[in-house]
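Structure data (compact mmCIF, C-alpha atoms) from coords_17.txt:
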# COMPACT_ATOMS: atom_id res chain seq x y z
CA MET K 94 -57.06 -34.17 6.41
CA ASN K 95 -54.68 -32.48 4.03
CA SER K 96 -50.97 -32.78 4.78
CA PRO K 97 -49.00 -29.53 4.81
CA SER K 98 -47.12 -28.84 1.61
CA PRO K 99 -43.37 -29.32 1.84
CA PRO K 100 -41.42 -26.08 1.90
CA GLY K 101 -40.28 -24.84 -1.46
CA PRO K 102 -36.67 -24.21 -2.38
CA PHE K 103 -34.93 -21.34 -0.61
CA LEU K 104 -34.82 -18.22 -2.71
CA PRO K 105 -32.06 -15.69 -2.03
CA PRO K 106 -33.03 -12.04 -1.61
CA ALA K 107 -33.47 -10.11 -4.81
CA LEU K 108 -30.66 -7.85 -5.95
CA ASP K 109 -31.03 -4.20 -5.06
CA PRO K 110 -32.07 -2.52 -8.35
CA ARG K 111 -29.25 0.00 -7.90
CA VAL K 112 -26.55 -2.66 -8.36
CA ARG K 113 -28.04 -4.55 -11.29
CA GLY K 114 -25.80 -2.76 -13.75
CA LEU K 115 -22.76 -3.64 -11.66
CA VAL K 116 -23.04 -7.39 -11.13
CA PRO K 117 -25.28 -10.11 -12.61
CA ASP K 118 -25.91 -11.74 -9.22
CA HIS K 119 -24.70 -11.78 -5.61
CA ALA K 120 -21.77 -14.06 -6.47
CA GLY K 121 -20.45 -11.31 -8.71
CA MET K 122 -19.70 -9.22 -5.61
CA ASP K 123 -16.78 -11.52 -4.78
CA ALA K 124 -14.61 -9.74 -7.34
CA LEU K 125 -15.00 -6.46 -5.41
CA VAL K 126 -13.72 -7.85 -2.13
CA VAL K 127 -11.22 -10.48 -3.26
CA GLY K 128 -8.26 -8.25 -2.41
CA LEU K 129 -9.47 -7.38 1.09
CA VAL K 130 -7.26 -9.77 3.05
CA LEU K 131 -7.39 -9.59 6.84
CA PRO K 132 -4.06 -8.76 8.52
CA GLY K 133 -2.73 -11.68 10.51
CA ARG K 134 -1.22 -9.58 13.34
CA ALA K 135 -4.40 -7.64 14.16
CA SER K 136 -6.35 -7.85 17.41
CA MET K 137 -9.72 -9.58 17.48
CA TYR K 138 -11.45 -6.17 17.57
CA VAL K 139 -9.65 -4.99 14.44
CA MET K 140 -10.16 -8.30 12.64
CA SER K 141 -13.88 -8.23 13.43
CA ALA K 142 -14.34 -4.63 12.29
CA LEU K 143 -12.48 -5.21 9.02
CA GLU K 144 -14.23 -8.48 8.27
CA THR K 145 -17.60 -6.86 8.94
CA SER K 146 -16.78 -4.00 6.57
CA ARG K 147 -15.77 -6.47 3.88
CA GLU K 148 -19.00 -8.46 4.27
CA LEU K 149 -21.10 -5.29 4.23
CA ILE K 150 -19.66 -4.52 0.80
CA ARG K 151 -20.38 -8.06 -0.37
CA HIS K 152 -23.98 -7.85 0.83
CA SER K 153 -24.56 -4.38 -0.58
CA SER K 154 -25.83 -6.28 -3.62
CA TYR K 155 -28.96 -6.80 -1.51
CA ARG K 156 -28.97 -3.40 0.21
CA TYR K 157 -27.11 -0.60 -1.55
CA GLU K 158 -26.65 1.44 1.66
CA PHE K 159 -24.47 -1.27 3.20
CA ALA K 160 -21.60 0.01 1.02
CA THR K 161 -21.31 3.40 2.75
CA VAL K 162 -21.76 1.79 6.16
CA ALA K 163 -18.84 -0.52 5.30
CA VAL K 164 -16.50 2.48 4.97
CA ALA K 165 -17.60 3.91 8.32
CA HIS K 166 -17.17 0.53 10.01
CA SER K 167 -13.69 -0.03 8.59
CA LEU K 168 -12.58 3.24 10.18
CA PHE K 169 -13.28 1.81 13.64
CA ALA K 170 -10.42 -0.60 13.01
CA LEU K 171 -8.16 2.10 11.59
CA GLU K 172 -8.74 4.40 14.56
CA ARG K 173 -7.89 1.63 17.02
CA VAL K 174 -4.68 0.66 15.19
CA LEU K 175 -3.53 4.27 14.82
CA ALA K 176 -4.17 5.10 18.48
CA GLU K 177 -2.23 2.02 19.60
CA ARG K 178 0.66 2.55 17.17
CA LEU K 179 1.01 6.26 17.96
CA ALA K 180 0.24 5.82 21.68
CA VAL K 181 -2.05 8.87 21.75
CA ASP K 182 -5.76 9.44 22.31
CA GLU K 183 -6.81 11.92 19.62
CA PRO K 184 -9.59 12.31 17.04
CA LEU K 185 -9.17 10.27 13.87
CA ARG K 186 -8.33 13.37 11.84
CA ASP K 187 -5.30 14.09 14.03
CA LEU K 188 -4.26 10.43 14.12
CA ILE K 189 -4.19 10.30 10.32
CA GLU K 190 -2.21 13.53 10.19
CA ARG K 191 0.32 12.22 12.72
CA ALA K 192 0.71 8.95 10.81
CA ALA K 193 1.49 10.85 7.62
CA ASP K 194 3.88 13.29 9.29
CA THR K 195 5.85 10.52 10.99
CA GLY K 196 6.03 8.41 7.83
CA LEU K 197 3.88 5.54 9.07
CA VAL K 198 1.65 5.84 6.00
CA PRO K 199 2.37 7.57 2.67
CA ALA K 200 0.78 10.97 2.09
CA GLY K 201 -1.44 9.63 -0.70
CA ILE K 202 -2.90 6.94 1.51
CA ALA K 203 -3.36 9.46 4.33
CA ALA K 204 -5.32 11.74 2.00
CA GLU K 205 -7.63 8.88 1.02
CA LEU K 206 -8.08 7.87 4.66
CA ASP K 207 -9.07 11.42 5.52
CA ARG K 208 -11.57 11.40 2.66
CA GLY K 209 -13.17 8.34 4.26
CA ARG K 210 -13.04 10.05 7.65
CA ARG K 211 -14.92 13.07 6.25
CA LEU K 212 -17.56 10.76 4.80
CA ARG K 213 -17.97 9.02 8.16
CA ASP K 214 -18.26 12.35 10.00
CA GLY K 215 -20.79 13.61 7.47
CA LEU K 216 -22.80 10.43 7.97
CA ALA K 217 -22.75 10.91 11.75
CA ARG K 218 -23.92 14.53 11.41
CA GLY K 219 -26.65 13.69 8.91
CA ALA K 220 -24.89 15.72 6.21
CA VAL K 221 -24.80 12.70 3.88
CA THR K 222 -26.93 9.59 3.67
CA SER K 223 -26.01 5.93 3.73
CA ALA K 224 -26.50 5.91 -0.04
CA ALA K 225 -23.57 8.28 -0.58
CA LEU K 226 -21.34 5.57 -2.08
CA GLY K 227 -21.94 2.61 -4.30
CA PRO K 228 -20.23 -0.76 -3.83
CA THR K 229 -17.35 0.06 -6.19
CA GLY K 230 -16.48 3.35 -4.49
CA ALA K 231 -16.84 1.82 -1.05
CA ALA K 232 -14.61 -1.11 -1.96
CA ALA K 233 -11.90 1.32 -3.10
CA MET K 234 -12.08 3.27 0.18
CA VAL K 235 -12.12 0.16 2.34
CA ARG K 236 -9.17 -1.25 0.39
CA VAL K 237 -7.15 1.83 1.39
CA VAL K 238 -8.05 1.19 5.03
CA PHE K 239 -6.94 -2.45 4.72
CA ASP K 240 -3.67 -1.32 3.12
CA ALA K 241 -3.06 1.23 5.88
CA VAL K 242 -3.72 -1.31 8.63
CA HIS K 243 -1.30 -3.76 7.01
CA LEU K 244 1.35 -1.01 6.93
CA LEU K 245 0.70 0.04 10.52
CA LEU K 246 0.90 -3.51 11.85
CA ARG K 247 4.11 -4.32 10.00
CA PRO K 248 6.93 -4.71 12.56
CA PRO K 249 9.34 -1.77 12.13
CA SER K 250 13.01 -2.46 11.62
CA GLY K 251 15.39 -1.22 14.30
CA ALA K 252 16.52 1.68 12.13
CA SER K 253 13.02 2.77 11.19
CA ALA K 254 11.81 2.48 14.77
CA THR K 255 14.69 4.69 15.95
CA ALA K 256 14.02 7.19 13.16
CA LEU K 257 10.34 7.28 14.07
CA THR K 258 11.12 7.96 17.73
CA GLU K 259 13.59 10.72 16.87
CA ALA K 260 11.21 12.29 14.37
CA ALA K 261 8.37 12.25 16.88
CA ALA K 262 10.54 13.86 19.55
CA ALA K 263 11.83 16.58 17.25
CA ASP K 264 8.33 17.20 15.95
CA THR K 265 6.59 17.55 19.30
CA GLY K 266 7.06 21.21 20.13
CA ALA K 267 6.51 23.00 16.83
CA ARG K 268 3.93 20.58 15.51
CA GLN K 269 1.81 20.56 18.65
CA GLU K 270 1.86 24.35 18.77
CA GLY K 271 0.61 24.48 15.18
CA ARG K 272 -2.04 21.85 15.89
CA LEU K 273 -3.24 23.71 18.96
CA ALA K 274 -3.67 26.95 17.01
CA ARG K 275 -5.45 25.14 14.18
CA LEU K 276 -7.79 23.31 16.54
CA TRP K 277 -8.58 26.52 18.42
CA GLU K 278 -9.48 28.34 15.18
CA GLU K 279 -11.56 25.37 14.04
CA HIS K 280 -13.34 25.24 17.38
CA ARG K 281 -14.14 28.96 17.37
CA ARG K 282 -15.85 28.56 13.99
CA ALA K 283 -17.87 25.51 15.02
CA PRO K 284 -21.40 26.25 16.30
CA TYR K 285 -22.10 25.22 19.87
CA PRO K 286 -24.60 22.31 19.95
CA ASP K 287 -27.91 24.09 20.67
CA SER K 288 -29.58 21.12 22.30
CA PHE K 289 -26.85 21.11 24.97
CA ARG K 290 -27.27 24.70 26.15
CA GLY K 291 -27.89 24.67 29.89
CA VAL K 292 -27.11 20.94 30.09
CA ASP K 293 -24.84 19.52 32.75
CA ILE K 294 -23.42 16.02 32.88
CA GLU K 295 -22.29 14.61 36.20
CA GLY K 296 -22.33 18.13 37.60
CA VAL K 297 -20.33 19.58 34.69
CA GLU K 298 -22.02 22.57 33.02
CA LEU K 299 -20.99 22.01 29.42
CA ILE K 300 -21.38 25.52 28.01
CA LEU K 301 -19.38 27.02 30.89
CA LEU K 302 -16.70 24.38 30.47
CA ASP K 303 -16.49 25.24 26.77
CA ALA K 304 -16.01 28.94 27.56
CA ASP K 305 -13.39 28.22 30.24
CA VAL K 306 -11.25 26.01 28.01
CA ASP K 307 -11.59 28.40 25.07
CA GLY K 308 -10.33 31.29 27.18
CA LEU K 309 -7.48 29.32 28.74
CA VAL K 310 -6.27 28.07 25.35
CA LEU K 311 -6.38 31.60 23.95
CA ARG K 312 -4.25 32.82 26.88
CA GLU K 313 -1.79 30.01 26.25
CA LEU K 314 -1.52 30.92 22.56
CA ASP K 315 -1.19 34.64 23.34
CA GLY K 316 1.75 34.33 25.70
CA GLY K 317 1.41 31.38 27.99
CA LEU K 318 -0.57 30.45 31.08
CA ASP K 319 0.62 31.20 34.59
CA ASP K 320 0.52 28.56 37.32
CA ASP K 321 -3.09 29.35 38.24
CA GLY K 322 -4.12 29.07 34.60
CA VAL K 323 -2.41 25.70 34.22
CA ALA K 324 -4.14 24.43 37.38
CA ALA K 325 -7.50 25.62 36.04
CA LEU K 326 -6.80 23.89 32.73
CA TRP K 327 -6.12 20.56 34.44
CA THR K 328 -9.41 20.93 36.33
CA CYS K 329 -11.17 21.43 32.99
CA ILE K 330 -9.46 18.35 31.56
CA ALA K 331 -10.72 16.27 34.48
CA ASP K 332 -14.27 17.55 33.82
CA LEU K 333 -13.96 16.79 30.11
CA ASP K 334 -12.68 13.28 30.83
CA LYS K 335 -15.74 12.74 33.00
CA ALA K 336 -18.33 14.24 30.65
CA VAL K 337 -17.26 13.37 27.10
CA PRO K 338 -17.79 9.57 27.33
CA LEU K 339 -21.37 10.20 28.53
CA ILE K 340 -22.45 12.52 25.69
CA ASP K 341 -24.96 10.71 23.48
CA SER K 342 -25.02 13.15 20.54
CA ALA K 343 -22.49 12.51 17.77
CA TYR K 344 -21.95 16.20 16.98
CA CYS K 345 -21.75 17.26 20.63
CA ALA K 346 -19.37 14.40 21.45
CA SER K 347 -17.13 15.44 18.54
CA TYR K 348 -17.31 19.10 19.64
CA PHE K 349 -16.21 18.35 23.19
CA ALA K 350 -13.66 15.72 22.14
CA ARG K 351 -11.94 18.43 20.11
CA LEU K 352 -12.13 20.73 23.15
CA ARG K 353 -10.48 18.01 25.26
CA THR K 354 -7.70 17.57 22.70
CA MET K 355 -7.06 21.33 22.75
CA ALA K 356 -6.91 21.37 26.53
CA ARG K 357 -4.49 18.46 26.65
CA LEU K 358 -2.21 19.99 24.02
CA ALA K 359 -2.12 23.26 25.94
CA ALA K 360 -1.47 21.51 29.27
CA ALA K 361 1.26 19.30 27.80
CA ARG K 362 3.37 22.40 27.11
CA HIS K 363 3.72 22.87 30.87
CA LEU K 364 4.77 19.33 31.73
CA PRO K 365 8.40 18.93 32.82
CA ALA K 366 10.72 17.48 30.21
CA ALA K 367 11.61 13.83 30.61
CA THR K 368 15.10 13.19 31.96

Could you take the file, read its structure, and then write that structure out as structure tokens?
Amino acid sequence: MNSPSPPGPFLPPALDPRVRGLVPDHAGMDALVVGLVLPGRASMYVMSALETSRELIRHSSYRYEFATVAVAHSLFALERVLAERLAVDEPLRDLIERAADTGLVPAGIAAELDRGRRLRDGLARGAVTSAALGPTGAAAMVRVVFDAVHLLLRPPSGASATALTEAAAADTGARQEGRLARLWEEHRRAPYPDSFRGVDIEGVELILLDADVDGLVLRELDGGLDDDGVAALWTCIADLDKAVPLIDSAYCASYFARLRTMARLAAARHLPAAT
């Protein structure tokens, strides 16, 4: 009876042919990620997302597409940190804009973060593929995310914290009005998701909800809602809060998340001032 042959030596996966001109072997990827240092004050969620993005870049030597996925994954961490630091629930585009306007991140970094955000959104919509970026380009984008997270998690001094609060308060009225008008124009140009015509979620007819919020926001921009209009808007917000988390299409979820942001911005203009 023949004895089974002992297993041979372990052979690592072959390099993806698309990276062979970049590095001689997998170990050469270390130079791309050496500067991606995890922030010590981050939550476990943020640490995990950033570490995963870093390792996806490292392992893109085996699968080129991992590089683009690394950028998208790093933005999960950025979105969480921005939402917590700014204490608002808004799309990533608006969070980045707020962070730049309030001085939390420099304008140059904000522009690069938004470039990554557009890549991620294009990936979700199928407008770009996972091969959109190579490891070098992805490492540069992810490095900007790491830098931004480090900045956002840095404890503010007393003076800068006070300045941030005052700037945010002074900014609220005019800036939110401008954002509401911009979002409304953007929403009017966006095509309604065809596969969700006639669809209701938890009793919410999505296409009717879209029309209701669109009309209410237009009335608010044209001269202001009356009490009945404000009440109707809050009813729409409750329906959006119920439906949006259950939408399983990336484009449709983005479409109605923007609608919810518009509705909240319009409704916030009718809240009593804090005393």

*Quick one: everything within 9 Å of K:Tyr138, counting only C-alpha atoms, minus sequence neighbours fewer than 5 positions away in the same chain. Send it as a ChimeraX atom specification.*
/K:143,170,173

*For K:Ile330, the nearest of the candidates K:Leu179, K:Leu244, K:Ala361, K:Leu318, counting only C-alpha atoms*: K:Ala361

K:Leu364: which residues within 10 Å, counting all atoms listed in the file, same-chain residues fewer than 4 positions away excluded, as a PDB file with C-alpha atoms, keeping the file's coordinate frame?
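As written to disk, around_8.pdb reads:
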ATOM      1  CA  VAL K 323      -2.410  25.700  34.220  1.00  0.00           C
ATOM      2  CA  ALA K 359      -2.120  23.260  25.940  1.00  0.00           C
ATOM      3  CA  ALA K 360      -1.470  21.510  29.270  1.00  0.00           C
TER       4      ALA K 360
END

*Pairwise distance for atom CA of K:Arg156 and atom CA of K:Asp109, rounded to one decimal in Å*: 5.7 Å

Interface rows for stretch 184-216 of chain K against stretch 268-283 of chain K: nearest pair, Å to one decimal, 12 Å, all atoms listed in the file, as a tab-separated table:
residue	atom	partner	partner_atom	distance
K:Pro184	CA	K:Leu276	CA	11.2
K:Arg186	CA	K:Leu276	CA	11.0
K:Asp187	CA	K:Arg272	CA	8.6
K:Leu188	CA	K:Arg272	CA	11.8
K:Glu190	CA	K:Arg272	CA	10.1
K:Arg191	CA	K:Arg268	CA	9.5
K:Asp194	CA	K:Arg268	CA	9.6
K:Thr195	CA	K:Arg268	CA	11.2

*asked:* Give me the residues near K:Ala120 as a PyMOL selection string, where near means some atom within 12 Å (using all atoms listed in the file) and where sequence neighbours in that chain fewer than 5 positions away do not count.
replied: chain K and resi 105+108+115+125-127+151-155

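Distance-wise, atom CA of K:Ala325 and atom CA of K:Tyr348 end up 20.2 Å apart.
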
_Separation of atom CA of K:Glu205 from atom CA of K:Asp182, in Å and rounded to one decimal_ = 21.4 Å
